[in-house]
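Source file: coords_31.csv. Holds: CSV, C-alpha atoms.
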chain,number,residue,atom,x,y,z
A,907,MET,CA,-28.8,28.3,9.1
A,908,SER,CA,-29.3,25.9,6.1
A,909,LEU,CA,-27.6,22.6,5.5
A,910,LYS,CA,-25.8,24.2,2.6
A,911,HIS,CA,-24.3,26.9,4.8
A,912,VAL,CA,-23.2,24.4,7.5
A,913,ASN,CA,-21.6,22.2,4.8
A,914,THR,CA,-19.8,25.1,3.2
A,915,ALA,CA,-18.5,26.2,6.6
A,916,LEU,CA,-17.3,22.6,7.4
A,917,ALA,CA,-15.6,22.2,4.0
A,918,THR,CA,-14.0,25.6,4.3
A,919,VAL,CA,-12.6,24.9,7.7
A,920,GLY,CA,-11.4,21.5,6.5
A,921,ALA,CA,-9.7,23.0,3.5
A,922,LEU,CA,-8.0,25.7,5.6
A,923,PHE,CA,-6.9,23.1,8.2
A,924,VAL,CA,-5.4,20.8,5.5
A,925,LEU,CA,-3.5,23.7,4.0
A,926,TYR,CA,-2.2,24.7,7.5
A,927,LEU,CA,-1.0,21.1,8.1
A,928,GLY,CA,0.7,20.9,4.8
A,929,LEU,CA,2.5,24.2,5.2
A,930,SER,CA,3.5,23.2,8.7
A,931,PHE,CA,5.2,20.0,7.3
A,932,VAL,CA,6.8,21.9,4.5
A,933,LEU,CA,8.1,24.9,6.5
A,934,THR,CA,8.9,23.3,9.9
A,935,PRO,CA,8.8,19.5,9.7
A,936,GLU,CA,10.8,19.1,12.9
A,937,THR,CA,8.1,20.7,15.0
A,938,SER,CA,5.2,19.1,13.1
A,939,THR,CA,6.2,15.5,13.3
A,940,PRO,CA,6.0,14.8,17.1
A,941,GLY,CA,2.2,15.4,17.0
A,942,VAL,CA,1.3,12.7,14.4
A,943,GLY,CA,1.7,9.8,16.8
A,944,LEU,CA,4.6,7.9,15.4
A,945,PRO,CA,7.0,6.6,18.1
A,946,HIS,CA,10.3,7.6,16.4
A,947,TRP,CA,11.7,10.6,14.6
A,948,PRO,CA,12.9,9.7,11.1
A,949,ALA,CA,16.6,8.8,11.1
A,950,GLY,CA,19.0,10.6,8.8
A,951,ASP,CA,17.5,12.9,6.2
A,952,GLY,CA,13.9,12.1,7.0
A,953,ASP,CA,12.8,15.7,6.5
A,954,GLY,CA,12.4,15.0,2.8
A,955,PHE,CA,9.6,12.5,3.5
A,956,LEU,CA,7.9,15.0,5.8
A,957,VAL,CA,8.0,17.7,3.1
A,958,MET,CA,6.5,15.2,0.7
A,959,LYS,CA,3.6,14.7,3.2
A,960,GLY,CA,3.3,18.4,3.5
A,961,ILE,CA,3.0,18.8,-0.3
A,962,ARG,CA,0.3,16.1,-0.3
A,963,GLU,CA,-1.7,18.0,2.3
A,964,VAL,CA,-1.3,21.3,0.5
A,965,SER,CA,-2.4,19.8,-2.8
A,966,MET,CA,-5.5,18.3,-1.1
A,967,GLY,CA,-6.4,21.6,0.5
A,968,LEU,CA,-6.0,23.4,-2.8
A,969,VAL,CA,-8.3,20.9,-4.6
A,970,LEU,CA,-11.0,21.5,-1.9
A,971,GLY,CA,-10.5,25.2,-2.1
A,972,ILE,CA,-10.9,25.2,-5.9
A,973,LEU,CA,-14.1,23.1,-5.7
A,974,LEU,CA,-15.5,25.5,-3.1
A,975,VAL,CA,-14.7,28.6,-5.0
A,976,THR,CA,-16.0,27.2,-8.3
A,977,ARG,CA,-19.2,25.9,-6.5
A,978,HIS,CA,-18.8,22.4,-7.8
A,979,ARG,CA,-20.6,21.0,-4.7
A,980,ARG,CA,-21.3,17.5,-5.9
A,981,ALA,CA,-17.7,17.0,-7.0
A,982,LEU,CA,-16.6,18.5,-3.6
A,983,GLY,CA,-18.6,15.9,-1.8
A,984,TRP,CA,-17.0,13.0,-3.7
A,985,VAL,CA,-13.5,14.5,-3.3
A,986,LEU,CA,-14.0,14.9,0.4
A,987,LEU,CA,-14.9,11.2,0.6
A,988,MET,CA,-11.8,10.3,-1.4
A,989,GLU,CA,-9.6,12.6,0.7
A,990,ALA,CA,-10.8,10.9,3.9
A,991,VAL,CA,-8.6,7.9,2.8
A,992,ALA,CA,-5.5,9.9,3.6
A,993,PRO,CA,-6.0,10.4,7.4
A,994,PHE,CA,-7.4,6.8,7.5
A,995,GLY,CA,-4.2,5.6,6.0
A,996,ASP,CA,-2.2,7.8,8.5
A,997,MET,CA,-4.2,6.1,11.3
A,998,ILE,CA,-3.3,2.7,10.0
A,999,ASN,CA,0.4,3.7,9.6
A,1000,VAL,CA,0.6,4.9,13.2
A,1001,LEU,CA,-1.0,1.8,14.5
A,1002,THR,CA,1.2,-0.6,12.5
A,1003,HIS,CA,4.3,1.2,13.6
A,1004,HIS,CA,3.4,0.9,17.3
A,1005,GLY,CA,2.6,4.6,17.7
A,1006,SER,CA,0.2,6.2,20.0
A,1007,SER,CA,-3.3,4.7,19.8
A,1008,ALA,CA,-4.7,7.9,21.1
A,1009,ALA,CA,-3.1,9.9,18.3
A,1010,ALA,CA,-4.1,7.2,15.7
A,1011,PHE,CA,-7.8,7.2,16.6
A,1012,GLY,CA,-8.1,10.7,18.2
A,1013,ILE,CA,-6.3,12.6,15.5
A,1014,HIS,CA,-6.2,10.6,12.3
A,1015,GLY,CA,-9.3,8.5,12.8
A,1016,LEU,CA,-11.4,11.4,13.9
A,1017,THR,CA,-10.2,13.5,11.1
A,1018,ALA,CA,-11.1,10.8,8.6
A,1019,ALA,CA,-14.5,10.5,10.1
A,1020,LEU,CA,-15.1,14.3,10.0
A,1021,ILE,CA,-14.0,14.6,6.4
A,1022,ALA,CA,-16.1,11.6,5.3
A,1023,CYS,CA,-19.2,13.0,7.2
A,1024,THR,CA,-18.8,16.4,5.6
A,1025,GLY,CA,-18.5,14.7,2.2
A,1026,LEU,CA,-21.7,12.7,2.8
A,1027,LEU,CA,-23.6,15.8,4.0
A,1028,ILE,CA,-22.6,17.6,0.9
A,1029,LEU,CA,-23.7,14.7,-1.3
A,1030,ARG,CA,-27.0,14.5,0.6
A,1031,GLU,CA,-27.5,18.2,0.1
A,1032,THR,CA,-26.7,18.1,-3.6
A,1033,GLY,CA,-28.8,15.0,-4.1
A,1034,ARG,CA,-31.8,16.7,-2.7
A,1035,ALA,CA,-31.2,19.8,-4.8
A,1036,ALA,CA,-31.0,17.7,-7.9
A,1037,GLU,CA,-34.3,15.9,-7.0
A,1038,THR,CA,-36.2,19.2,-6.6
A,1039,THR,CA,-34.8,20.8,-9.8
A,1040,ALA,CA,-35.0,17.7,-12.1
A,1041,PRO,CA,-37.6,18.0,-14.8
A,1042,GLY,CA,-40.6,15.7,-14.1
A,1043,ALA,CA,-39.5,15.1,-10.5
A,1044,ARG,CA,-42.4,14.7,-8.1
A,1045,GLY,CA,-42.9,18.0,-6.3
A,1046,ALA,CA,-40.5,19.9,-8.6
A,1047,ARG,CA,-41.1,23.5,-9.0
A,1048,THR,CA,-42.3,24.7,-12.3
A,1049,ALA,CA,-41.9,28.1,-13.9

Would you kindly transcribe this structure into structure tokens?
Amino acid sequence: MSLKHVNTALATVGALFVLYLGLSFVLTPETSTPGVGLPHWPAGDGDGFLVMKGIREVSMGLVLGILLVTRHRRALGWVLLMEAVAPFGDMINVLTHHGSSAAAFGIHGLTAALIACTGLLILRETGRAAETTAPGARGARTA
């Protein structure tokens, strides 16, 4: 299996997972929230904030899906790196609000690392492809 196929599979799984998370927060925020690692359920009408988080996740998943479908692989790599900021921020949020360290690092930190690694792998793959197809590049194929 080529690096491109592995990267595509990782990005696809990531996009589907982000869409699933987003829809979970939008449709059933009360059951989704306990797993994020924060120590307290939002008081009052906190569901609105959770739905906002869900919408953020859905939009992030849709961006990844569109870049996958349109085969804009280099842009996909950069967007994955950018999107790794969201779970990193979630990790910091959980830690600063005295939530579960295990959830902060094990869920959010690991997710940020996996997304960033996938982005870097795609950028590495697309960088090598550009090197081999660039006119005048050493070792480039000619017609």

Compare A:His1014, A:Val991, A:Gly971, A:Arg980 by their minimum atom-to-atom distance to Lys910 in chain A, counting all atoms listed in the file, and give me the closest one.
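Looking at the shortest contact to Lys910 in chain A, the residue is A:Arg980.
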
With a distance cut-off of 8 Å and all atoms listed in the file, select the neighbouring residues of His1004 in chain A, excluding the residue or stretch itself and same-chain residues fewer than 2 positions from it, and output the selection as a list in words.
Leu944, Pro945, Val1000, Leu1001, Thr1002 and Ser1006 of chain A

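Minimum atom-to-atom distances from A:Gly995, A:Ala990, A:Val957, A:Val912 to Ile1021 in chain A were compared using only C-alpha atoms, and the lowest value belongs to A:Ala990.
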
Using CA of Leu974 in chain A and CA of Ser930 in chain A as the two end points, give the distance in Å to one decimal.
22.5 Å

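Once range 961-970 of chain A and its same-chain neighbours fewer than 5 positions away are set aside, Ala917, Thr918, Gly920, Ala921, Leu922, Phe923, Val924, Leu925, Tyr926, Leu927, Gly928, Leu929, Phe931, Val932, Leu956, Val975, Leu982, Val985, Leu986 and Glu989 of chain A remain within 9 Å of it when counting only C-alpha atoms.
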
Keeping only C-alpha atoms, write the selected residues to a file as a PDB file, in the coordinates of the input.
ATOM      1  CA  ALA A 917     -15.600  22.200   4.000  1.00  0.00           C
ATOM      2  CA  THR A 918     -14.000  25.600   4.300  1.00  0.00           C
ATOM      3  CA  GLY A 920     -11.400  21.500   6.500  1.00  0.00           C
ATOM      4  CA  ALA A 921      -9.700  23.000   3.500  1.00  0.00           C
ATOM      5  CA  LEU A 922      -8.000  25.700   5.600  1.00  0.00           C
ATOM      6  CA  PHE A 923      -6.900  23.100   8.200  1.00  0.00           C
ATOM      7  CA  VAL A 924      -5.400  20.800   5.500  1.00  0.00           C
ATOM      8  CA  LEU A 925      -3.500  23.700   4.000  1.00  0.00           C
ATOM      9  CA  TYR A 926      -2.200  24.700   7.500  1.00  0.00           C
ATOM     10  CA  LEU A 927      -1.000  21.100   8.100  1.00  0.00           C
ATOM     11  CA  GLY A 928       0.700  20.900   4.800  1.00  0.00           C
ATOM     12  CA  LEU A 929       2.500  24.200   5.200  1.00  0.00           C
ATOM     13  CA  PHE A 931       5.200  20.000   7.300  1.00  0.00           C
ATOM     14  CA  VAL A 932       6.800  21.900   4.500  1.00  0.00           C
ATOM     15  CA  LEU A 956       7.900  15.000   5.800  1.00  0.00           C
ATOM     16  CA  VAL A 975     -14.700  28.600  -5.000  1.00  0.00           C
ATOM     17  CA  LEU A 982     -16.600  18.500  -3.600  1.00  0.00           C
ATOM     18  CA  VAL A 985     -13.500  14.500  -3.300  1.00  0.00           C
ATOM     19  CA  LEU A 986     -14.000  14.900   0.400  1.00  0.00           C
ATOM     20  CA  GLU A 989      -9.600  12.600   0.700  1.00  0.00           C
TER      21      GLU A 989
END

What gap, in Å, lies between CA of Met988 in chain A and CA of Ala1009 in chain A?
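Separation between CA of Met988 in chain A and CA of Ala1009 in chain A: 21.5 Å.
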
Adding 6 Å on each side of the box along x, y and z that holds all listed atoms of range 952-956 of chain A, could you give its centre and edge lengths in Å to one decimal, as AutoDock Vina command-line options?
--center_x 10.9 --center_y 13.9 --center_z 4.9 --size_x 18.0 --size_y 15.6 --size_z 16.2

For CA of Ala1010 in chain A and CA of Val942 in chain A, quote the distance in Å rounded to one decimal.
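We find that CA of Ala1010 in chain A and CA of Val942 in chain A lie 7.8 Å from each other.
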
Using only C-alpha atoms, which of the listed residues (A:Gly943, A:Pro935, A:Ile1028, A:Gly983) sits closest to Phe955 in chain A?
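Checking each candidate against Phe955 in chain A, we get A:Pro935 as the closest.
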